$ cat work-v2.csv   # CSV, N, CA and C atoms
chain,number,residue,atom,x,y,z
A,16,MET,N,-2.0,4.7,9.7
A,16,MET,CA,-2.2,3.9,8.5
A,16,MET,C,-0.8,3.6,7.9
A,17,HIS,N,-0.6,2.3,7.7
A,17,HIS,CA,0.7,1.9,7.1
A,17,HIS,C,0.6,1.7,5.6
A,18,ARG,N,1.7,1.9,4.9
A,18,ARG,CA,1.8,1.8,3.4
A,18,ARG,C,2.4,0.5,3.1
A,19,TYR,N,1.9,-0.2,2.1
A,19,TYR,CA,2.5,-1.5,1.7
A,19,TYR,C,2.6,-1.5,0.1
A,20,CYS,N,3.6,-2.1,-0.3
A,20,CYS,CA,3.9,-2.2,-1.8
A,20,CYS,C,4.2,-3.7,-2.0
A,21,PHE,N,3.7,-4.2,-3.1
A,21,PHE,CA,4.0,-5.6,-3.5
A,21,PHE,C,4.1,-5.8,-5.0
A,22,SER,N,4.7,-7.0,-5.3
A,22,SER,CA,4.8,-7.3,-6.7
A,22,SER,C,4.3,-8.7,-7.0
A,23,LEU,N,3.9,-8.8,-8.3
A,23,LEU,CA,3.5,-10.1,-8.8
A,23,LEU,C,3.9,-10.1,-10.3
A,24,GLU,N,3.8,-11.2,-11.0
A,24,GLU,CA,4.1,-11.3,-12.4
A,24,GLU,C,2.9,-11.8,-13.1
A,25,VAL,N,2.4,-11.0,-14.0
A,25,VAL,CA,1.2,-11.3,-14.9
A,25,VAL,C,1.8,-12.0,-16.1
A,26,ARG,N,1.1,-13.1,-16.5
A,26,ARG,CA,1.5,-13.9,-17.7
A,26,ARG,C,1.4,-13.0,-18.9
A,27,GLN,N,2.4,-13.1,-19.8
A,27,GLN,CA,2.4,-12.3,-21.0
A,27,GLN,C,1.1,-12.5,-21.9
A,28,ASP,N,0.7,-13.7,-21.9
A,28,ASP,CA,-0.5,-14.0,-22.8
A,28,ASP,C,-1.8,-13.5,-22.1
A,29,LYS,N,-1.8,-13.0,-20.9
A,29,LYS,CA,-3.0,-12.6,-20.2
A,29,LYS,C,-3.0,-11.1,-19.8
A,30,LEU,N,-2.0,-10.4,-20.3
A,30,LEU,CA,-1.9,-8.9,-19.9
A,30,LEU,C,-3.1,-8.1,-20.3
A,31,GLU,N,-3.6,-8.2,-21.5
A,31,GLU,CA,-4.7,-7.4,-21.9
A,31,GLU,C,-6.0,-7.8,-21.2
A,32,GLU,N,-6.2,-9.1,-21.0
A,32,GLU,CA,-7.4,-9.5,-20.2
A,32,GLU,C,-7.3,-9.1,-18.8
A,33,TYR,N,-6.1,-9.1,-18.2
A,33,TYR,CA,-5.9,-8.7,-16.8
A,33,TYR,C,-6.3,-7.2,-16.7
A,34,ARG,N,-5.8,-6.4,-17.7
A,34,ARG,CA,-6.2,-5.0,-17.7
A,34,ARG,C,-7.7,-4.8,-17.8
A,35,GLN,N,-8.3,-5.5,-18.7
A,35,GLN,CA,-9.8,-5.4,-18.9
A,35,GLN,C,-10.5,-5.8,-17.6
A,36,ARG,N,-10.1,-6.8,-16.9
A,36,ARG,CA,-10.8,-7.3,-15.7
A,36,ARG,C,-10.8,-6.2,-14.6
A,37,HIS,N,-9.7,-5.3,-14.7
A,37,HIS,CA,-9.6,-4.3,-13.6
A,37,HIS,C,-10.2,-3.0,-14.0
A,38,THR,N,-10.8,-2.9,-15.2
A,38,THR,CA,-11.5,-1.6,-15.5
A,38,THR,C,-12.8,-1.5,-14.9
A,39,ALA,N,-13.4,-2.6,-14.5
A,39,ALA,CA,-14.7,-2.6,-13.8
A,39,ALA,C,-14.8,-3.8,-12.8
A,40,VAL,N,-14.0,-3.7,-11.7
A,40,VAL,CA,-14.0,-4.7,-10.7
A,40,VAL,C,-15.4,-4.8,-10.1
A,41,TRP,N,-15.8,-6.0,-9.8
A,41,TRP,CA,-17.2,-6.3,-9.2
A,41,TRP,C,-17.4,-5.3,-8.0
A,42,PRO,N,-18.6,-4.7,-8.0
A,42,PRO,CA,-18.9,-3.8,-6.9
A,42,PRO,C,-18.8,-4.5,-5.5
A,43,GLU,N,-19.2,-5.7,-5.4
A,43,GLU,CA,-19.1,-6.5,-4.2
A,43,GLU,C,-17.7,-6.6,-3.7
A,44,MET,N,-16.8,-6.8,-4.7
A,44,MET,CA,-15.3,-6.9,-4.3
A,44,MET,C,-14.8,-5.6,-3.8
A,45,LEU,N,-15.2,-4.5,-4.5
A,45,LEU,CA,-14.7,-3.2,-4.1
A,45,LEU,C,-15.2,-2.9,-2.7
A,46,MET,N,-16.4,-3.2,-2.4
A,46,MET,CA,-16.9,-2.9,-1.0
A,46,MET,C,-16.3,-3.8,0.0
A,47,ALA,N,-16.0,-5.1,-0.3
A,47,ALA,CA,-15.3,-6.0,0.6
A,47,ALA,C,-13.9,-5.5,0.9
A,48,LEU,N,-13.2,-5.0,-0.1
A,48,LEU,CA,-11.9,-4.5,0.1
A,48,LEU,C,-11.9,-3.3,1.1
A,49,ARG,N,-12.8,-2.4,0.8
A,49,ARG,CA,-13.0,-1.2,1.7
A,49,ARG,C,-13.3,-1.6,3.1
A,50,ASP,N,-14.3,-2.5,3.2
A,50,ASP,CA,-14.8,-2.9,4.6
A,50,ASP,C,-13.7,-3.7,5.3
A,51,ALA,N,-12.8,-4.4,4.6
A,51,ALA,CA,-11.7,-5.1,5.2
A,51,ALA,C,-10.6,-4.3,5.7
A,52,GLY,N,-10.6,-3.0,5.3
A,52,GLY,CA,-9.5,-2.1,5.7
A,52,GLY,C,-8.5,-1.8,4.7
A,53,TRP,N,-8.7,-2.1,3.4
A,53,TRP,CA,-7.8,-1.8,2.3
A,53,TRP,C,-8.2,-0.3,1.9
A,54,ALA,N,-7.2,0.5,1.9
A,54,ALA,CA,-7.4,1.9,1.5
A,54,ALA,C,-6.4,2.4,0.5
A,55,ASN,N,-6.7,3.3,-0.4
A,55,ASN,CA,-5.8,3.9,-1.4
A,55,ASN,C,-5.1,2.8,-2.1
A,56,TYR,N,-5.8,1.8,-2.6
A,56,TYR,CA,-5.3,0.6,-3.2
A,56,TYR,C,-5.2,0.9,-4.7
A,57,SER,N,-4.0,0.7,-5.3
A,57,SER,CA,-3.7,0.9,-6.7
A,57,SER,C,-2.8,-0.3,-7.2
A,58,LEU,N,-3.0,-0.6,-8.5
A,58,LEU,CA,-2.2,-1.5,-9.2
A,58,LEU,C,-1.6,-0.8,-10.4
A,59,PHE,N,-0.3,-1.2,-10.7
A,59,PHE,CA,0.4,-0.6,-11.8
A,59,PHE,C,1.0,-1.8,-12.6
A,60,LEU,N,0.9,-1.8,-13.9
A,60,LEU,CA,1.3,-2.9,-14.7
A,60,LEU,C,2.2,-2.5,-15.8
A,61,ARG,N,3.4,-3.1,-15.9
A,61,ARG,CA,4.4,-2.8,-17.0
A,61,ARG,C,4.1,-3.8,-18.1
A,62,PRO,N,4.5,-3.4,-19.3
A,62,PRO,CA,4.3,-4.2,-20.5
A,62,PRO,C,4.9,-5.6,-20.4
A,63,ASP,N,5.9,-5.7,-19.6
A,63,ASP,CA,6.6,-7.1,-19.4
A,63,ASP,C,5.9,-8.0,-18.4
A,64,GLY,N,4.8,-7.5,-17.8
A,64,GLY,CA,4.0,-8.3,-16.9
A,64,GLY,C,4.3,-8.0,-15.4
A,65,LEU,N,5.3,-7.1,-15.1
A,65,LEU,CA,5.5,-6.8,-13.7
A,65,LEU,C,4.3,-6.0,-13.2
A,66,LEU,N,3.7,-6.5,-12.1
A,66,LEU,CA,2.6,-5.8,-11.5
A,66,LEU,C,3.1,-5.3,-10.1
A,67,ILE,N,2.9,-4.0,-9.9
A,67,ILE,CA,3.2,-3.4,-8.6
A,67,ILE,C,1.9,-3.0,-8.0
A,68,GLY,N,1.7,-3.4,-6.7
A,68,GLY,CA,0.5,-3.0,-6.0
A,68,GLY,C,0.9,-2.1,-4.8
A,69,TYR,N,0.0,-1.1,-4.5
A,69,TYR,CA,0.2,-0.2,-3.4
A,69,TYR,C,-1.1,-0.2,-2.6
A,70,VAL,N,-1.0,-0.4,-1.3
A,70,VAL,CA,-2.2,-0.3,-0.5
A,70,VAL,C,-1.9,0.3,0.9
A,71,GLU,N,-2.8,0.9,1.5
A,71,GLU,CA,-2.6,1.4,2.8
A,71,GLU,C,-3.6,0.7,3.7
A,72,ALA,N,-3.2,0.3,4.9
A,72,ALA,CA,-4.0,-0.4,5.9
A,72,ALA,C,-3.4,-0.2,7.3
A,73,ASP,N,-4.3,-0.3,8.3
A,73,ASP,CA,-3.8,-0.3,9.6
A,73,ASP,C,-2.9,-1.5,9.9
A,74,ASP,N,-3.4,-2.7,9.4
A,74,ASP,CA,-2.7,-3.9,9.6
A,74,ASP,C,-3.0,-4.8,8.4
A,75,LEU,N,-2.0,-5.0,7.5
A,75,LEU,CA,-2.2,-5.7,6.3
A,75,LEU,C,-2.6,-7.2,6.5
A,76,GLY,N,-2.0,-7.8,7.5
A,76,GLY,CA,-2.4,-9.2,7.8
A,76,GLY,C,-3.9,-9.3,8.2
A,77,ALA,N,-4.3,-8.4,9.0
A,77,ALA,CA,-5.7,-8.4,9.4
A,77,ALA,C,-6.6,-8.1,8.2
A,78,ALA,N,-6.2,-7.1,7.4
A,78,ALA,CA,-7.0,-6.8,6.2
A,78,ALA,C,-7.1,-8.0,5.2
A,79,GLN,N,-6.0,-8.7,5.1
A,79,GLN,CA,-6.0,-9.9,4.2
A,79,GLN,C,-6.9,-11.0,4.8
A,80,ALA,N,-6.8,-11.2,6.2
A,80,ALA,CA,-7.6,-12.2,6.8
A,80,ALA,C,-9.1,-11.9,6.7
A,81,ALA,N,-9.4,-10.6,6.8
A,81,ALA,CA,-10.8,-10.2,6.6
A,81,ALA,C,-11.3,-10.5,5.2
A,82,MET,N,-10.4,-10.2,4.2
A,82,MET,CA,-10.8,-10.5,2.8
A,82,MET,C,-10.9,-12.0,2.6
A,83,ALA,N,-10.0,-12.8,3.2
A,83,ALA,CA,-10.1,-14.3,3.0
A,83,ALA,C,-11.4,-14.9,3.6
A,84,ALA,N,-12.0,-14.2,4.5
A,84,ALA,CA,-13.3,-14.7,5.1
A,84,ALA,C,-14.5,-14.4,4.2
A,85,THR,N,-14.3,-13.7,3.1
A,85,THR,CA,-15.4,-13.3,2.2
A,85,THR,C,-15.6,-14.3,1.0
A,86,ALA,N,-16.8,-14.5,0.7
A,86,ALA,CA,-17.1,-15.4,-0.5
A,86,ALA,C,-16.6,-14.7,-1.8
A,87,VAL,N,-16.8,-13.4,-1.8
A,87,VAL,CA,-16.5,-12.7,-3.1
A,87,VAL,C,-15.0,-12.8,-3.3
A,88,ASN,N,-14.2,-12.7,-2.3
A,88,ASN,CA,-12.7,-12.8,-2.5
A,88,ASN,C,-12.3,-14.2,-2.9
A,89,GLU,N,-13.0,-15.2,-2.4
A,89,GLU,CA,-12.7,-16.6,-2.9
A,89,GLU,C,-12.9,-16.7,-4.4
A,90,ARG,N,-14.1,-16.2,-4.8
A,90,ARG,CA,-14.4,-16.2,-6.2
A,90,ARG,C,-13.4,-15.4,-7.1
A,91,TRP,N,-13.1,-14.2,-6.6
A,91,TRP,CA,-12.1,-13.3,-7.3
A,91,TRP,C,-10.8,-14.0,-7.4
A,92,GLN,N,-10.2,-14.5,-6.3
A,92,GLN,CA,-8.9,-15.1,-6.3
A,92,GLN,C,-8.9,-16.3,-7.2
A,93,ARG,N,-9.9,-17.1,-7.2
A,93,ARG,CA,-10.0,-18.3,-8.1
A,93,ARG,C,-9.9,-17.8,-9.6
A,94,GLU,N,-10.7,-16.8,-9.9
A,94,GLU,CA,-10.6,-16.3,-11.3
A,94,GLU,C,-9.3,-15.6,-11.7
A,95,MET,N,-8.6,-15.0,-10.7
A,95,MET,CA,-7.4,-14.3,-11.0
A,95,MET,C,-6.2,-15.2,-11.0
A,96,ALA,N,-6.2,-16.4,-10.4
A,96,ALA,CA,-5.1,-17.2,-10.2
A,96,ALA,C,-4.4,-17.6,-11.5
A,97,ASP,N,-5.1,-17.8,-12.6
A,97,ASP,CA,-4.5,-18.2,-13.8
A,97,ASP,C,-3.8,-17.0,-14.5
A,98,PHE,N,-3.9,-15.8,-14.1
A,98,PHE,CA,-3.2,-14.7,-14.7
A,98,PHE,C,-1.8,-14.5,-14.3
A,99,PHE,N,-1.3,-15.2,-13.2
A,99,PHE,CA,0.0,-15.0,-12.6
A,99,PHE,C,0.9,-16.2,-12.8
A,100,THR,N,2.2,-15.8,-12.8
A,100,THR,CA,3.2,-16.9,-12.8
A,100,THR,C,3.9,-16.9,-11.4
A,101,GLY,N,4.5,-18.0,-11.0
A,101,GLY,CA,5.3,-18.1,-9.8
A,101,GLY,C,4.5,-18.1,-8.5
A,102,LEU,N,3.3,-18.5,-8.5
A,102,LEU,CA,2.5,-18.5,-7.2
A,102,LEU,C,2.7,-19.7,-6.3
A,103,GLN,N,3.2,-20.8,-6.9
A,103,GLN,CA,3.4,-22.0,-6.1
A,103,GLN,C,2.2,-22.4,-5.3
A,104,ALA,N,1.1,-22.5,-6.0
A,104,ALA,CA,-0.2,-22.9,-5.4
A,104,ALA,C,-0.9,-21.9,-4.5
A,105,ALA,N,-0.2,-20.8,-4.2
A,105,ALA,CA,-0.9,-19.8,-3.4
A,105,ALA,C,-1.8,-19.0,-4.2
A,106,THR,N,-2.8,-18.4,-3.6
A,106,THR,CA,-3.7,-17.5,-4.3
A,106,THR,C,-2.9,-16.2,-4.5
A,107,PRO,N,-3.3,-15.4,-5.5
A,107,PRO,CA,-2.6,-14.1,-5.8
A,107,PRO,C,-2.5,-13.2,-4.5
A,108,ASP,N,-3.5,-13.1,-3.7
A,108,ASP,CA,-3.5,-12.3,-2.6
A,108,ASP,C,-2.6,-12.8,-1.4
A,109,GLU,N,-2.2,-14.1,-1.6
A,109,GLU,CA,-1.3,-14.7,-0.6
A,109,GLU,C,0.1,-14.8,-1.1
A,110,GLY,N,0.3,-14.8,-2.5
A,110,GLY,CA,1.5,-15.0,-3.1
A,110,GLY,C,2.4,-13.8,-3.5
A,111,PHE,N,1.9,-12.6,-3.2
A,111,PHE,CA,2.6,-11.5,-3.7
A,111,PHE,C,3.8,-11.3,-2.7
A,112,GLN,N,4.8,-10.6,-3.3
A,112,GLN,CA,6.1,-10.3,-2.6
A,112,GLN,C,6.0,-8.9,-2.1
A,113,LEU,N,6.0,-8.7,-0.7
A,113,LEU,CA,6.1,-7.4,-0.2
A,113,LEU,C,7.4,-6.7,-0.4
A,114,MET,N,7.4,-5.4,-0.5
A,114,MET,CA,8.7,-4.6,-0.7
A,114,MET,C,8.8,-3.7,0.5
A,115,ASP,N,10.1,-3.5,0.8
A,115,ASP,CA,10.4,-2.5,1.9
A,115,ASP,C,10.3,-1.1,1.4
A,116,GLU,N,9.7,-0.3,2.2
A,116,GLU,CA,9.6,1.2,1.8
A,116,GLU,C,10.9,1.8,2.3
A,117,ILE,N,11.6,2.5,1.4
A,117,ILE,CA,12.9,3.1,1.7
A,117,ILE,C,12.9,4.6,1.7
A,118,PHE,N,11.8,5.2,1.1
A,118,PHE,CA,11.7,6.6,1.1
A,118,PHE,C,10.3,7.0,1.0
A,119,ASN,N,9.9,8.0,1.7
A,119,ASN,CA,8.6,8.6,1.6
A,119,ASN,C,8.7,10.1,1.8
A,120,LEU,N,8.4,10.9,0.8
A,120,LEU,CA,8.5,12.3,0.8
A,120,LEU,C,7.8,12.9,2.0
A,121,GLY,N,6.5,12.6,2.2
A,121,GLY,CA,5.7,13.1,3.3
A,121,GLY,C,6.4,12.9,4.6
A,122,ASP,N,6.9,11.7,4.9
A,122,ASP,CA,7.5,11.4,6.2
A,122,ASP,C,8.7,12.3,6.4
A,123,GLN,N,9.5,12.4,5.3
A,123,GLN,CA,10.8,13.2,5.5
A,123,GLN,C,10.5,14.7,5.6
A,124,LEU,N,9.5,15.2,4.9
A,124,LEU,CA,9.1,16.6,5.1
A,124,LEU,C,8.5,16.8,6.5
A,125,ASP,N,7.8,15.8,7.0
A,125,ASP,CA,7.3,16.0,8.4
A,125,ASP,C,8.5,16.0,9.4
A,126,GLN,N,9.5,15.2,9.2
A,126,GLN,CA,10.7,15.2,10.0
A,126,GLN,C,11.4,16.6,10.0
A,127,LEU,N,11.5,17.2,8.8
A,127,LEU,CA,12.1,18.5,8.6
A,127,LEU,C,11.2,19.5,9.4
A,128,ASP,N,9.9,19.5,9.2
A,128,ASP,CA,9.1,20.4,9.9
A,128,ASP,C,9.3,20.3,11.5
A,129,GLN,N,9.4,19.1,12.0
A,129,GLN,CA,9.6,18.9,13.4
A,129,GLN,C,11.0,19.5,13.8
A,130,LEU,N,12.0,19.3,13.0
A,130,LEU,CA,13.3,19.8,13.3
A,130,LEU,C,13.3,21.3,13.3
A,131,ASP,N,12.6,21.9,12.3
A,131,ASP,CA,12.4,23.4,12.2
A,131,ASP,C,11.7,23.9,13.4
A,132,GLN,N,10.7,23.3,13.9
A,132,GLN,CA,10.0,23.7,15.0
A,132,GLN,C,10.9,23.7,16.3
A,133,LEU,N,11.6,22.6,16.4
A,133,LEU,CA,12.6,22.4,17.5
A,133,LEU,C,13.6,23.5,17.5
A,134,GLU,N,14.2,23.8,16.3
A,134,GLU,CA,15.2,24.8,16.2
A,134,GLU,C,14.6,26.2,16.5
A,135,ARG,N,13.4,26.5,16.1
A,135,ARG,CA,12.8,27.8,16.4
A,135,ARG,C,12.6,27.9,17.9
A,136,THR,N,12.1,26.8,18.6
A,136,THR,CA,11.9,26.8,20.0
A,136,THR,C,13.2,27.1,20.7
A,137,GLU,N,14.3,26.4,20.3
A,137,GLU,CA,15.6,26.5,20.9
A,137,GLU,C,16.1,27.9,20.7
A,138,GLN,N,15.9,28.5,19.5
A,138,GLN,CA,16.4,29.9,19.2
A,138,GLN,C,15.7,30.9,20.1
A,139,ARG,N,14.3,30.7,20.3
A,139,ARG,CA,13.6,31.6,21.2
A,139,ARG,C,14.1,31.5,22.6
A,140,SER,N,14.4,30.3,23.0
A,140,SER,CA,15.0,30.1,24.4
A,140,SER,C,16.3,30.8,24.5
A,141,ASP,N,17.2,30.6,23.5
A,141,ASP,CA,18.5,31.2,23.5
A,141,ASP,C,18.4,32.7,23.5
A,142,ASN,N,17.4,33.3,22.8
A,142,ASN,CA,17.2,34.7,22.7
A,142,ASN,C,16.8,35.3,24.1
A,143,ARG,N,16.0,34.5,24.8
A,143,ARG,CA,15.5,34.9,26.2
A,143,ARG,C,16.7,34.9,27.1
A,144,VAL,N,17.6,33.9,27.0
A,144,VAL,CA,18.7,33.9,27.9
A,144,VAL,C,19.6,35.1,27.6
A,145,GLU,N,19.9,35.4,26.4
A,145,GLU,CA,20.7,36.5,26.0
A,145,GLU,C,20.2,37.8,26.5
A,146,ASP,N,18.9,38.0,26.4
A,146,ASP,CA,18.4,39.3,26.8
A,146,ASP,C,17.9,39.4,28.2
A,147,GLY,N,18.1,38.3,29.0
A,147,GLY,CA,17.9,38.2,30.4
A,147,GLY,C,16.4,38.0,30.8
A,148,THR,N,15.6,37.7,29.9
A,148,THR,CA,14.2,37.4,30.2
A,148,THR,C,13.9,36.1,30.7
A,149,GLU,N,14.9,35.1,30.6
A,149,GLU,CA,14.7,33.8,31.1
A,149,GLU,C,15.5,33.6,32.4
A,150,LYS,N,15.0,33.0,33.4
A,150,LYS,CA,15.7,32.8,34.6
A,150,LYS,C,16.1,31.4,34.8
$ encode --input "work-v2.csv" --output "structure tokens"
Amino acid sequence: MHRYCFSLEVRQDKLEEYRQRHTAVWPEMLMALRDAGWANYSLFLRPDGLLIGYVEADDLGAAQAAMAATAVNERWQREMADFFTGLQAATPDEGFQLMDEIFNLGDQLDQLDQLDQLERTEQRSDNRVEDGTEK
């Protein structure tokens, strides 16, 4: 599963309504997102309107295409379009700016664990050579 992060700008005059709309997203929309492959999806909103989204998916393009094929997404995107600035006629789910992931704690800890395992294996091998048990 891959991690994706994106940004959008919510209009200042729509911040409170945008927050309210996301306190109880339509159940049909929630199920469509899940069924399309969106996982661990979160939105974060700053007071200045910067919206950061995080989602995990096997393939974001495929997950977006699956959502685009649903009637509920078409209705949702149409209702949400007025909340954002800078979309240049794209729908919110097509107009967001993806960000590059530059750090992930879990990935780096996994790398350390792999290095530790390799070092322990090499040390055991070295010890066998030193005590003559390895031929």
$ closest_residue --input "work-v2.csv" --among "A:Ala81, A:Arg93, A:Phe111, A:Gln129" --to "Ala47 of chain A" --atoms "only N, CA and C atoms"
A:Ala81
$ residues_around --input "work-v2.csv" --residues "segment 60-76 of chain A" --least-positions-apart "5" --cutoff "6 Å" --atoms "all atoms listed in the file" --output "ChimeraX atom specification"
/A:16-27,52-55,81
$ closest_residue --input "work-v2.csv" --among "A:Asp50, A:Glu116, A:Glu32, A:Glu137" --to "Ala77 of chain A" --atoms "only C-alpha atoms"
A:Asp50
$ closest_atom_pairs --input "work-v2.csv" --of "segment 30-64 of chain A" --to "segment 96-110 of chain A" --cutoff "12 Å" --atoms "only C-alpha atoms" --output "CSV"
residue,atom,partner,partner_atom,distance
A:Leu30,CA,A:Phe98,CA,7.9
A:Glu31,CA,A:Phe98,CA,10.4
A:Glu32,CA,A:Phe98,CA,8.7
A:Tyr33,CA,A:Phe98,CA,6.9
A:Arg34,CA,A:Phe98,CA,10.6
A:Arg36,CA,A:Phe98,CA,10.7
A:Leu48,CA,A:Asp108,CA,11.8
A:Gly64,CA,A:Phe99,CA,8.9
$ atom_distance --input "work-v2.csv" --atom1 "atom N of Phe59 of chain A" --atom2 "atom N of Asp125 of chain A"
25.8 Å
$ atom_distance --input "work-v2.csv" --atom1 "atom C of Gln112 of chain A" --atom2 "atom N of Ala83 of chain A"
17.3 Å
$ select_by_dssp --input "work-v2.csv" --residues "chain A" --states "alpha helix (DSSP H)" --output "ChimeraX atom specification"
/A:30-36,42-51,75-83,86-95,107-110,120-146
$ atom_distance --input "work-v2.csv" --atom1 "atom CA of Leu130 of chain A" --atom2 "atom N of Ile117 of chain A"
21.1 Å
$ select_by_dssp --input "work-v2.csv" --residues "chain A" --states "strand (DSSP E)" --output "VMD selection string"
chain A and resid 17 to 25 54 to 60 65 to 72 99 to 100 112 to 114
